[in-house]
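Remarks on the structure that follows.
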2 protein chains.
Amino acid sequence: MPTLSQENYLKALWHLTAGGKVSLQRLASHLGISPASTLAMVRKLASDKLVTYNRAAGIRLTVKGQAAATQIVRRHRLWEVFLHDKLGYRWDEVHDIAEQLEHVAPADLTERLDAFLGHPTFDPHGDPIPQRDGTIPQRTELVLSEQPPGSYRIVGLAETRDELLRQLTSLHLTIGQVLELRDHRRFDDVFVLRVGSRTEHVGRAVADRILVEPA
Amino acid sequence: MPTLSQENYLKALWHLTAGGKVSLQRLASHLGISPASTLAMVRKLASDKLVTYNRAAGIRLTVKGQAAATQIVRRHRLWEVFLHDKLGYRWDEVHDIAEQLEHVAPADLTERLDAFLGHPTFDPHGDPIPQRDGTIPQRTELVLSEQPPGSYRIVGLAETRDELLRQLTSLHLTIGQVLELRDHRRFDDVFVLRVGSRTEHVGRAVADRILVEPA
DNA sequence: TATGACATTTAGACTTGACTAAAATACGCA
DNA sequence: TGCGTATTTTAGTCAAGTCTAAATGTCATA
């Protein structure tokens, strides 16, 4: 049970680690905190066995720290999906609010939220949501709007906003449905689809949110 | 913008005020904090013009303090509805979690949440949710399960859990519907209703959540 | 190998929100 | 009116998380 402040350090480390060795300096400037204060906190994290630190190797998350950080990122991204899909915030507004919500973590809340949102795998920015077991989804599905004409099966939806869901349902564009992408009229950004025996025209907002595999 | 800790004091004051003069002592023991610490915080609140304090009158919320406290209670109870209706927590589990969430208050979030939940007027405990303008709903609707046989119009639902909503919809028990309560079979807690031309049998879980007025 | 640039570490201090212990005040009632 | 009890207030501490300034290390390279 890291403190709120410790959680921010862990999350920052999770993000920075991808970019190579994490020096005090780098962590400090990422967080906008002085190197002196950063060192103090890194020592606390080390005494809680969440990180290891020495000058040469820099700061490294331990297995325990990794797990904690991953769960924080998971909570953050799930809240982003909630704010976007359910409350209708724009994708560029959700980050700051999720920043607040991610620290609320009573047993169960994350998993209930995940279920309520339909176990999403990507957040509104397109970043993967770490799963309960810590694995990170890889984009294997294709986004319909980026495909060449052809036959595809819908394997998922990138969003669960009621309005979008209703529209997709009314077009029979639900998971499992096979469709044929006929044309992308680029001048007005309309996608022409053959769904069952009907021809449908959908805009980019819809085509961007349909995840498919070749059929 | 009171601090997190100040918000807890304001909320406590809001609740205690109903019970008469609020002495330092009373506030302190309600919060489980020493009178000395409480005095220190009350002075801060006073310097922010959120409360007035003197020995004789005790601690009183100013108009500004009232407004702030009311919004905190509003946020708390809206989150309770979310946790109960949407995430499926039991009514006795939601308080502690809402306690955490109520302090997250970026512009807009409360109103969006309110809209998403369908502008509820009572929380899962049956307590009124202060409205955006600060007014406190009064229970004017009647709970179907507490009425004598007769004709009623449905004016609201006490809950928006999808499962409940689906069940009510499938029974045609939606807002505006007129129904006749025929009987309450007390030995097995089943309510016998006449809805349109059909006779329906519903249990207490449903009858408790239908708000009606005589028709 | 000595030096300058940059990174790290130490030292000391501040703010917030809590604490305890003890002093001051108020209040009920004998 | 004054005593005893309860409440309020003061004074001094503490821990967390931050700061600044200054001291110390490290390292590439001139």
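In the structure tokens, chains take the letters A, B, ... in the order shown, each chain's residues start at 1, and ligands count up from 1 in the order shown.
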
Exercise for the section: Identify every residue of chain A that has at least one atom within 10 Å of any atom of chain C, counting only C-alpha atoms (C1' of nucleotides), and report the result as a list in words. Expected result: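 Written out as asked, the residues are Ser23, Leu24, Gln25, Pro35, Ala36, Leu39 and Arg55 of chain A.
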
So that I have them on file, write out the residues from the current selection with N, CA and C atoms, as an mmCIF file, in the first residue's frame.
data_model
loop_
_atom_site.group_PDB
_atom_site.id
_atom_site.type_symbol
_atom_site.label_atom_id
_atom_site.label_comp_id
_atom_site.auth_asym_id
_atom_site.auth_seq_id
_atom_site.Cartn_x
_atom_site.Cartn_y
_atom_site.Cartn_z
ATOM 1 N N SER A 23 17.857 7.831 -14.295
ATOM 2 C CA SER A 23 18.668 8.530 -13.290
ATOM 3 C C SER A 23 17.756 9.349 -12.390
ATOM 4 N N LEU A 24 18.283 9.749 -11.246
ATOM 5 C CA LEU A 24 17.555 10.638 -10.342
ATOM 6 C C LEU A 24 17.083 11.857 -11.103
ATOM 7 N N GLN A 25 18.024 12.410 -11.811
ATOM 8 C CA GLN A 25 17.782 13.585 -12.633
ATOM 9 C C GLN A 25 16.566 13.444 -13.548
ATOM 10 N N PRO A 35 15.788 17.165 -7.433
ATOM 11 C CA PRO A 35 16.529 15.909 -7.282
ATOM 12 C C PRO A 35 16.696 15.523 -5.812
ATOM 13 N N ALA A 36 16.841 16.498 -4.951
ATOM 14 C CA ALA A 36 17.027 16.183 -3.536
ATOM 15 C C ALA A 36 15.791 15.476 -2.982
ATOM 16 N N LEU A 39 15.454 11.985 -4.407
ATOM 17 C CA LEU A 39 16.312 11.000 -3.751
ATOM 18 C C LEU A 39 15.669 10.512 -2.457
ATOM 19 N N ARG A 55 23.844 4.495 -8.102
ATOM 20 C CA ARG A 55 24.270 5.442 -9.119
ATOM 21 C C ARG A 55 24.467 4.811 -10.484
#

Exercise for the section: Just list the residues in range 23-143 of chain B DSSP gives alpha helix (DSSP H) on the backbone, as a ChimeraX atom specification. Expected result: /B:24-31,35-47,63-81,94-101,109-116

As a short mmCIF file (atom, residue, chain, number, x, y, z; two decimals) with N, CA and C atoms, in the first residue's frame, please: the residues near Arg74 in chain A (cut-off 10 Å, only C-alpha atoms (C1' of nucleotides), same-chain neighbours under 3 positions excluded).
data_model
loop_
_atom_site.label_atom_id
_atom_site.label_comp_id
_atom_site.auth_asym_id
_atom_site.auth_seq_id
_atom_site.Cartn_x
_atom_site.Cartn_y
_atom_site.Cartn_z
N ALA A 68 2.97 -3.23 -8.73
CA ALA A 68 2.22 -2.09 -8.18
C ALA A 68 2.00 -1.04 -9.27
N ALA A 69 3.07 -0.72 -9.99
CA ALA A 69 2.98 0.31 -11.02
C ALA A 69 2.00 -0.09 -12.11
N THR A 70 2.06 -1.35 -12.50
CA THR A 70 1.17 -1.82 -13.56
C THR A 70 -0.29 -1.67 -13.15
N GLN A 71 -0.59 -1.96 -11.90
CA GLN A 71 -1.97 -1.82 -11.43
C GLN A 71 -2.41 -0.36 -11.43
N ARG A 77 -6.05 3.95 -16.80
CA ARG A 77 -6.60 3.79 -18.15
C ARG A 77 -8.05 3.33 -18.12
N LEU A 78 -8.40 2.54 -17.13
CA LEU A 78 -9.81 2.15 -17.02
C LEU A 78 -10.68 3.38 -16.72
N TRP A 79 -10.20 4.23 -15.82
CA TRP A 79 -10.97 5.45 -15.54
C TRP A 79 -11.07 6.33 -16.78
N GLU A 80 -10.01 6.35 -17.57
CA GLU A 80 -10.06 7.12 -18.81
C GLU A 80 -11.18 6.61 -19.71
N GLU A 102 -7.22 7.52 -10.21
CA GLU A 102 -6.41 6.31 -10.19
C GLU A 102 -5.93 5.93 -8.80
N THR A 110 -11.40 -1.84 -9.05
CA THR A 110 -10.82 -1.93 -10.38
C THR A 110 -11.48 -3.04 -11.19
N ASP A 114 -13.73 -2.61 -14.51
CA ASP A 114 -13.30 -3.29 -15.72
C ASP A 114 -14.47 -4.06 -16.33
N THR A 121 -9.54 -3.19 -23.79
CA THR A 121 -8.10 -3.49 -23.88
C THR A 121 -7.26 -2.26 -24.23
N ASP A 123 -7.21 2.25 -24.10
CA ASP A 123 -7.85 3.45 -23.56
C ASP A 123 -8.18 4.42 -24.71
N PRO A 128 -2.57 0.62 -24.48
CA PRO A 128 -3.09 -0.65 -23.95
C PRO A 128 -3.37 -0.58 -22.45
N ILE A 129 -4.42 -1.24 -22.03
CA ILE A 129 -4.77 -1.31 -20.60
C ILE A 129 -4.21 -2.61 -20.05
N PRO A 130 -3.26 -2.51 -19.10
CA PRO A 130 -2.72 -3.75 -18.53
C PRO A 130 -3.87 -4.58 -17.97
N GLN A 131 -3.82 -5.88 -18.17
CA GLN A 131 -4.89 -6.74 -17.67
C GLN A 131 -4.68 -7.09 -16.21
N ARG A 132 -5.68 -7.71 -15.61
CA ARG A 132 -5.62 -8.04 -14.19
C ARG A 132 -4.33 -8.78 -13.84
N GLY A 134 -1.55 -8.51 -15.27
CA GLY A 134 -0.35 -7.73 -15.55
C GLY A 134 0.09 -7.78 -17.01
N ILE A 136 0.10 -7.08 -20.99
CA ILE A 136 -0.23 -5.88 -21.73
C ILE A 136 -0.75 -6.27 -23.11
#

Practice task
May I ask you to extract the residues of chain D within 10 Å of chain B, using only C-alpha atoms (C1' of nucleotides), and to give them as a PyMOL selection string?
Solution key: chain D and resi 7-10

Practice task
Enumerate as a list in words the residues belonging to chain A that approach chain B to within 10 Å, with only C-alpha atoms taken into account.
Solution key: Leu83, Lys86, Leu87, Gly88, Tyr89, Asp96, Ile97, Ala98, Glu99, Gln100, Leu101, His103, Val104, Ala105, Pro106, Ala107, Asp108, Leu109, Glu111, Arg112, Leu113, Asp114, Ala115, Phe116 and Leu117 of chain A

Practice task
Once DSSP has gone over the backbone, tell me which residues of range 121-164 of chain B are in strand (DSSP E or B), as a list in words.
Solution key: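 Restricting range 121-164 of chain B to strand (DSSP E or B) produces Phe122, Pro128, Leu142, Val143, Gly150, Ser151, Tyr152, Arg153, Ile154, Val155, Gly156 and Leu157 of chain B.
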
Practice task
Excluding Met41 in chain B and any residue of its chain fewer than 2 positions from it, enumerate the residues within 9 Å of it, using only C-alpha atoms (C1' of nucleotides), and give them as JSON, numbers by chain.
Solution key: {"B": [5, 6, 9, 36, 37, 38, 39, 43, 44, 45, 46], "C": [17]}

Handout entry: Pairwise distance for CA of Leu16 in chain A and CA of Val143 in chain A, rounded to one decimal in Å
Key = 28.3 Å

Handout entry: CA of Pro137 in chain B to CA of Ala67 in chain B, straight-line distance in Å
Key =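 A separation of 15.7 Å between them.
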